[in-house]
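**Q** Questions regarding the structure given below will be posed in turn.
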Amino acid sequence: MKIGFLGGSFDPIHFGHLLAAQDAFEQHGLDRLILVPAARAPLKPSEVQSAAADRLAMLRAAVEWDHRFEISDYELQRGGVSYTIDSARHFRALYPDDRLFWIIGGDQLPNLHLWRDIEQLAQLVEFIFLERPGYPVRATPEIPGLRLHRCDGHLLAISSTELRDRIRRGLSLDYFVPHKAIVYIREHGLYRSSQ
């Protein structure tokens, strides 16, 4: 079985995340795709503004109808800084006989060598990197055993930071965020203050 993992803060979840997941799922014939919200991202320690329970609830609201996508709260339950190597070890133990793919943006390729225990990580998972159609591949790091697969994605220039700012300014999230996640944000008053 081919299982893909897409990690992120998802604060909030938006259509950029979901299109990336769908593109990787379809282009690489994945059997399952698991969204993995991070407790705290190592390279963006101040990125997360919402409680883990809220981010998980928004994610569930956004994809509960889509049988292709699953959610793992492993990193949220674990707490602390979420290193991909720790999650990859966890998922490799759960799925010892399957092919595991970690989905990343093409912009992360040049910094992949900086990831914690990257050589061990490269043994545990293959990487699917998202790139705009027709764009050349960025410089790829020399990492022993690294297995890379390109995915021509419908990359949207949406950032969660921008979306949080839109909320503070009283602007709409329509066409950026799935409707059920917008409803959750409104009902729980998320991102209203500068926190």
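Residues in the structure tokens are numbered from 1 in each chain, the chains being A, B, ... in the order shown, and ligands are numbered from 1 in the order shown.
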Tell me, which residues of chain A carry DSSP alpha helix (DSSP H), written as a VMD selection string?
**A** chain A and resid 15 to 27 52 to 63 74 to 78 84 to 94 118 to 124 160 to 168 179 to 188
**Q** Next, write the just-selected residues to a file, as a compact mmCIF listing (two decimals), in the first residue's frame, keeping C-alpha atoms as the atom set.
**A**
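So the final result, stored in again_18.txt, reads:
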# COMPACT_ATOMS: atom_id res chain seq x y z
CA PHE A 15 -7.51 25.16 0.08
CA GLY A 16 -3.75 25.33 -0.62
CA HIS A 17 -3.24 22.45 1.83
CA LEU A 18 -6.13 20.45 0.41
CA LEU A 19 -5.13 20.90 -3.23
CA ALA A 20 -1.59 19.79 -2.36
CA ALA A 21 -3.00 16.68 -0.70
CA GLN A 22 -5.29 15.92 -3.63
CA ASP A 23 -2.57 16.48 -6.25
CA ALA A 24 -0.15 14.14 -4.47
CA PHE A 25 -2.89 11.55 -3.90
CA GLU A 26 -3.92 11.50 -7.57
CA GLN A 27 -0.59 11.90 -9.35
CA ALA A 52 -4.39 21.88 19.22
CA ALA A 53 -8.05 20.97 19.78
CA ASP A 54 -9.20 23.87 17.59
CA ARG A 55 -6.80 23.04 14.74
CA LEU A 56 -7.85 19.40 14.87
CA ALA A 57 -11.55 20.36 14.85
CA MET A 58 -11.06 22.68 11.84
CA LEU A 59 -9.23 19.92 9.99
CA ARG A 60 -11.98 17.42 10.74
CA ALA A 61 -14.66 19.90 9.64
CA ALA A 62 -12.80 20.49 6.37
CA VAL A 63 -12.28 16.86 5.31
CA TYR A 74 -0.02 11.73 16.79
CA GLU A 75 2.08 14.91 16.85
CA LEU A 76 -0.57 16.83 18.80
CA GLN A 77 -0.80 14.07 21.42
CA ARG A 78 2.98 13.85 21.63
CA THR A 84 9.39 14.66 10.96
CA ILE A 85 11.89 11.94 11.91
CA ASP A 86 9.91 11.13 15.08
CA SER A 87 6.64 10.91 13.17
CA ALA A 88 8.23 8.86 10.39
CA ARG A 89 9.51 6.34 12.96
CA HIS A 90 6.03 6.15 14.50
CA PHE A 91 4.31 5.61 11.15
CA ARG A 92 6.95 3.14 9.94
CA ALA A 93 6.26 1.05 13.05
CA LEU A 94 2.51 1.21 12.34
CA ILE A 118 17.67 13.53 7.46
CA GLU A 119 19.73 10.49 6.41
CA GLN A 120 17.70 8.23 8.70
CA LEU A 121 14.50 9.94 7.54
CA ALA A 122 15.44 9.25 3.90
CA GLN A 123 15.60 5.53 4.75
CA LEU A 124 12.11 5.56 6.29
CA SER A 160 -2.26 30.83 7.13
CA THR A 161 -0.59 34.01 8.40
CA GLU A 162 -2.40 36.02 5.72
CA LEU A 163 -5.69 34.33 6.60
CA ARG A 164 -5.34 35.11 10.29
CA ASP A 165 -4.66 38.73 9.33
CA ARG A 166 -7.77 38.78 7.11
CA ILE A 167 -9.88 37.71 10.09
CA ARG A 168 -8.41 40.44 12.30
CA HIS A 179 -16.91 26.50 4.58
CA LYS A 180 -17.26 24.19 7.58
CA ALA A 181 -13.86 25.35 8.87
CA ILE A 182 -14.97 28.99 8.44
CA VAL A 183 -18.09 28.23 10.49
CA TYR A 184 -15.92 26.71 13.23
CA ILE A 185 -13.61 29.75 13.23
CA ARG A 186 -16.60 32.10 13.56
CA GLU A 187 -18.35 30.08 16.25
CA HIS A 188 -15.18 29.90 18.36
**Q** Near A:Pro136, within 12 Å and counting only C-alpha atoms, which residues show up once chain neighbours fewer than 2 positions away are dropped, as an mmCIF file with N, CA and C atoms, in the first residue's frame?
**A**
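And here's out_9.cif as it stands now:
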data_model
loop_
_atom_site.group_PDB
_atom_site.id
_atom_site.type_symbol
_atom_site.label_atom_id
_atom_site.label_comp_id
_atom_site.auth_asym_id
_atom_site.auth_seq_id
_atom_site.Cartn_x
_atom_site.Cartn_y
_atom_site.Cartn_z
ATOM 1 N N GLY A 106 8.093 22.188 -2.945
ATOM 2 C CA GLY A 106 9.376 22.232 -3.645
ATOM 3 C C GLY A 106 10.325 23.252 -3.048
ATOM 4 N N ASP A 107 9.769 24.287 -2.413
ATOM 5 C CA ASP A 107 10.604 25.316 -1.802
ATOM 6 C C ASP A 107 11.396 24.778 -0.604
ATOM 7 N N LEU A 130 6.043 19.137 -4.198
ATOM 8 C CA LEU A 130 5.101 19.856 -5.057
ATOM 9 C C LEU A 130 5.790 21.011 -5.754
ATOM 10 N N GLU A 131 5.562 21.098 -7.043
ATOM 11 C CA GLU A 131 6.161 22.175 -7.842
ATOM 12 C C GLU A 131 5.136 22.648 -8.850
ATOM 13 N N ARG A 132 5.276 23.904 -9.236
ATOM 14 C CA ARG A 132 4.381 24.435 -10.266
ATOM 15 C C ARG A 132 4.697 23.764 -11.601
ATOM 16 N N PRO A 133 3.657 23.429 -12.383
ATOM 17 C CA PRO A 133 3.897 22.799 -13.686
ATOM 18 C C PRO A 133 4.818 23.658 -14.547
ATOM 19 N N GLY A 134 5.809 23.011 -15.154
ATOM 20 C CA GLY A 134 6.717 23.712 -16.053
ATOM 21 C C GLY A 134 7.902 24.362 -15.362
ATOM 22 N N ARG A 138 14.200 22.845 -8.115
ATOM 23 C CA ARG A 138 15.220 23.597 -7.383
ATOM 24 C C ARG A 138 16.372 22.662 -7.066
ATOM 25 N N ALA A 139 17.465 23.234 -6.626
ATOM 26 C CA ALA A 139 18.639 22.425 -6.270
ATOM 27 C C ALA A 139 18.239 21.376 -5.232
ATOM 28 N N THR A 140 18.622 20.145 -5.497
ATOM 29 C CA THR A 140 18.307 19.079 -4.542
ATOM 30 C C THR A 140 19.567 18.739 -3.752
ATOM 31 N N ARG A 150 8.556 14.098 -8.040
ATOM 32 C CA ARG A 150 7.947 15.392 -8.338
ATOM 33 C C ARG A 150 6.431 15.263 -8.471
ATOM 34 N N CYS A 151 5.732 16.284 -8.041
ATOM 35 C CA CYS A 151 4.282 16.371 -8.220
ATOM 36 C C CYS A 151 3.984 17.756 -8.769
ATOM 37 N N ASP A 152 3.452 17.810 -9.993
ATOM 38 C CA ASP A 152 3.057 19.104 -10.551
ATOM 39 C C ASP A 152 1.751 19.506 -9.887
#
**Q** Looking at only C-alpha atoms, which of A:Gly79, A:Glu64, A:Pro141, A:Met1 is the one that sits closest to A:Leu30?
**A**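 Ranked by minimum distance to A:Leu30, first place goes to A:Met1.
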**Q** Which parts of stretch 19-168 of chain A does DSSP call strand (DSSP E or B) when run on the backbone here, written out as a list in words?
**A**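 Filtering stretch 19-168 of chain A to strand (DSSP E or B) leaves Arg32, Leu33, Ile34, Leu35, Val36, Pro37, Phe69, Glu70, Ile71, Arg99, Leu100, Phe101, Trp102, Ile103, Ile104, Gly105, Glu126, Phe127, Ile128, Phe129, Leu130, Glu131, Leu148, His149, Arg150, Cys151 and Asp152 of chain A.
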**Q** Those residues with N, CA and C atoms, as a compact mmCIF listing (two decimals), in the first residue's frame please?
**A**
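New file part_38.txt:
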# COMPACT_ATOMS: atom_id res chain seq x y z
N ARG A 32 -3.83 5.87 0.54
CA ARG A 32 -4.30 6.61 1.70
C ARG A 32 -3.51 7.91 1.78
N LEU A 33 -4.14 8.94 2.33
CA LEU A 33 -3.42 10.19 2.59
C LEU A 33 -3.80 10.65 3.98
N ILE A 34 -2.77 10.85 4.81
CA ILE A 34 -2.98 11.19 6.22
C ILE A 34 -2.46 12.60 6.48
N LEU A 35 -3.33 13.46 6.97
CA LEU A 35 -2.96 14.82 7.36
C LEU A 35 -2.45 14.77 8.79
N VAL A 36 -1.29 15.41 9.03
CA VAL A 36 -0.63 15.32 10.33
C VAL A 36 -0.39 16.71 10.89
N PRO A 37 -1.34 17.23 11.70
CA PRO A 37 -1.12 18.55 12.28
C PRO A 37 0.02 18.52 13.30
N PHE A 69 -9.09 11.13 2.62
CA PHE A 69 -8.19 11.76 3.58
C PHE A 69 -8.50 11.30 5.00
N GLU A 70 -7.43 11.11 5.76
CA GLU A 70 -7.54 10.75 7.18
C GLU A 70 -6.74 11.79 7.96
N ILE A 71 -6.89 11.79 9.25
CA ILE A 71 -6.16 12.71 10.11
C ILE A 71 -5.50 11.90 11.22
N ARG A 99 4.71 1.45 1.52
CA ARG A 99 5.56 2.55 1.05
C ARG A 99 5.02 3.84 1.64
N LEU A 100 5.88 4.58 2.33
CA LEU A 100 5.47 5.82 2.97
C LEU A 100 6.06 7.02 2.23
N PHE A 101 5.23 8.02 1.99
CA PHE A 101 5.64 9.21 1.25
C PHE A 101 5.36 10.45 2.11
N TRP A 102 6.38 11.29 2.30
CA TRP A 102 6.18 12.55 3.02
C TRP A 102 6.07 13.64 1.97
N ILE A 103 4.99 14.42 2.03
CA ILE A 103 4.71 15.44 1.02
C ILE A 103 5.22 16.79 1.50
N ILE A 104 6.01 17.45 0.65
CA ILE A 104 6.58 18.74 1.01
C ILE A 104 6.46 19.69 -0.18
N GLY A 105 6.63 20.96 0.08
CA GLY A 105 6.67 21.94 -1.00
C GLY A 105 8.04 21.93 -1.65
N GLU A 126 9.84 8.07 1.43
CA GLU A 126 10.15 8.72 0.17
C GLU A 126 9.50 10.10 0.23
N PHE A 127 10.01 11.04 -0.57
CA PHE A 127 9.46 12.38 -0.56
C PHE A 127 8.75 12.70 -1.87
N ILE A 128 7.56 13.26 -1.75
CA ILE A 128 6.86 13.85 -2.89
C ILE A 128 6.98 15.35 -2.71
N PHE A 129 7.55 16.02 -3.71
CA PHE A 129 7.66 17.48 -3.60
C PHE A 129 6.78 18.14 -4.65
N LEU A 130 6.04 19.14 -4.20
CA LEU A 130 5.10 19.86 -5.06
C LEU A 130 5.79 21.01 -5.75
N GLU A 131 5.56 21.10 -7.04
CA GLU A 131 6.16 22.18 -7.84
C GLU A 131 5.14 22.65 -8.85
N LEU A 148 13.20 11.06 -4.26
CA LEU A 148 12.34 12.21 -4.54
C LEU A 148 11.41 11.92 -5.70
N HIS A 149 10.16 12.38 -5.57
CA HIS A 149 9.17 12.25 -6.64
C HIS A 149 8.51 13.61 -6.84
N ARG A 150 8.56 14.10 -8.04
CA ARG A 150 7.95 15.39 -8.34
C ARG A 150 6.43 15.26 -8.47
N CYS A 151 5.73 16.28 -8.04
CA CYS A 151 4.28 16.37 -8.22
C CYS A 151 3.98 17.76 -8.77
N ASP A 152 3.45 17.81 -9.99
CA ASP A 152 3.06 19.10 -10.55
C ASP A 152 1.75 19.51 -9.89
**Q** Atom CA of A:Arg68 and atom CA of A:Phe5, how far apart in Å?
**A**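 Going from atom CA of A:Phe5 over to atom CA of A:Arg68 covers 12.1 Å.
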**Q** Could you work out how far atom CA of A:Asp98 lies from atom CA of A:Pro110, giving the answer in Å with one decimal?
**A**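 Between atom CA of A:Pro110 and atom CA of A:Asp98 the gap works out to 27.2 Å.
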**Q** By how many Å are atom CA of A:Asp11 and atom CA of A:Phe176 apart?
**A** 12.7 Å
**Q** Select, from A:Gly145, A:Pro42, A:Gly170, A:Gly29, the residue with the minimum atom-to-atom distance to A:Gly8, counting only C-alpha atoms.
**A**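 Closest residue, counting only C-alpha atoms: A:Pro42.
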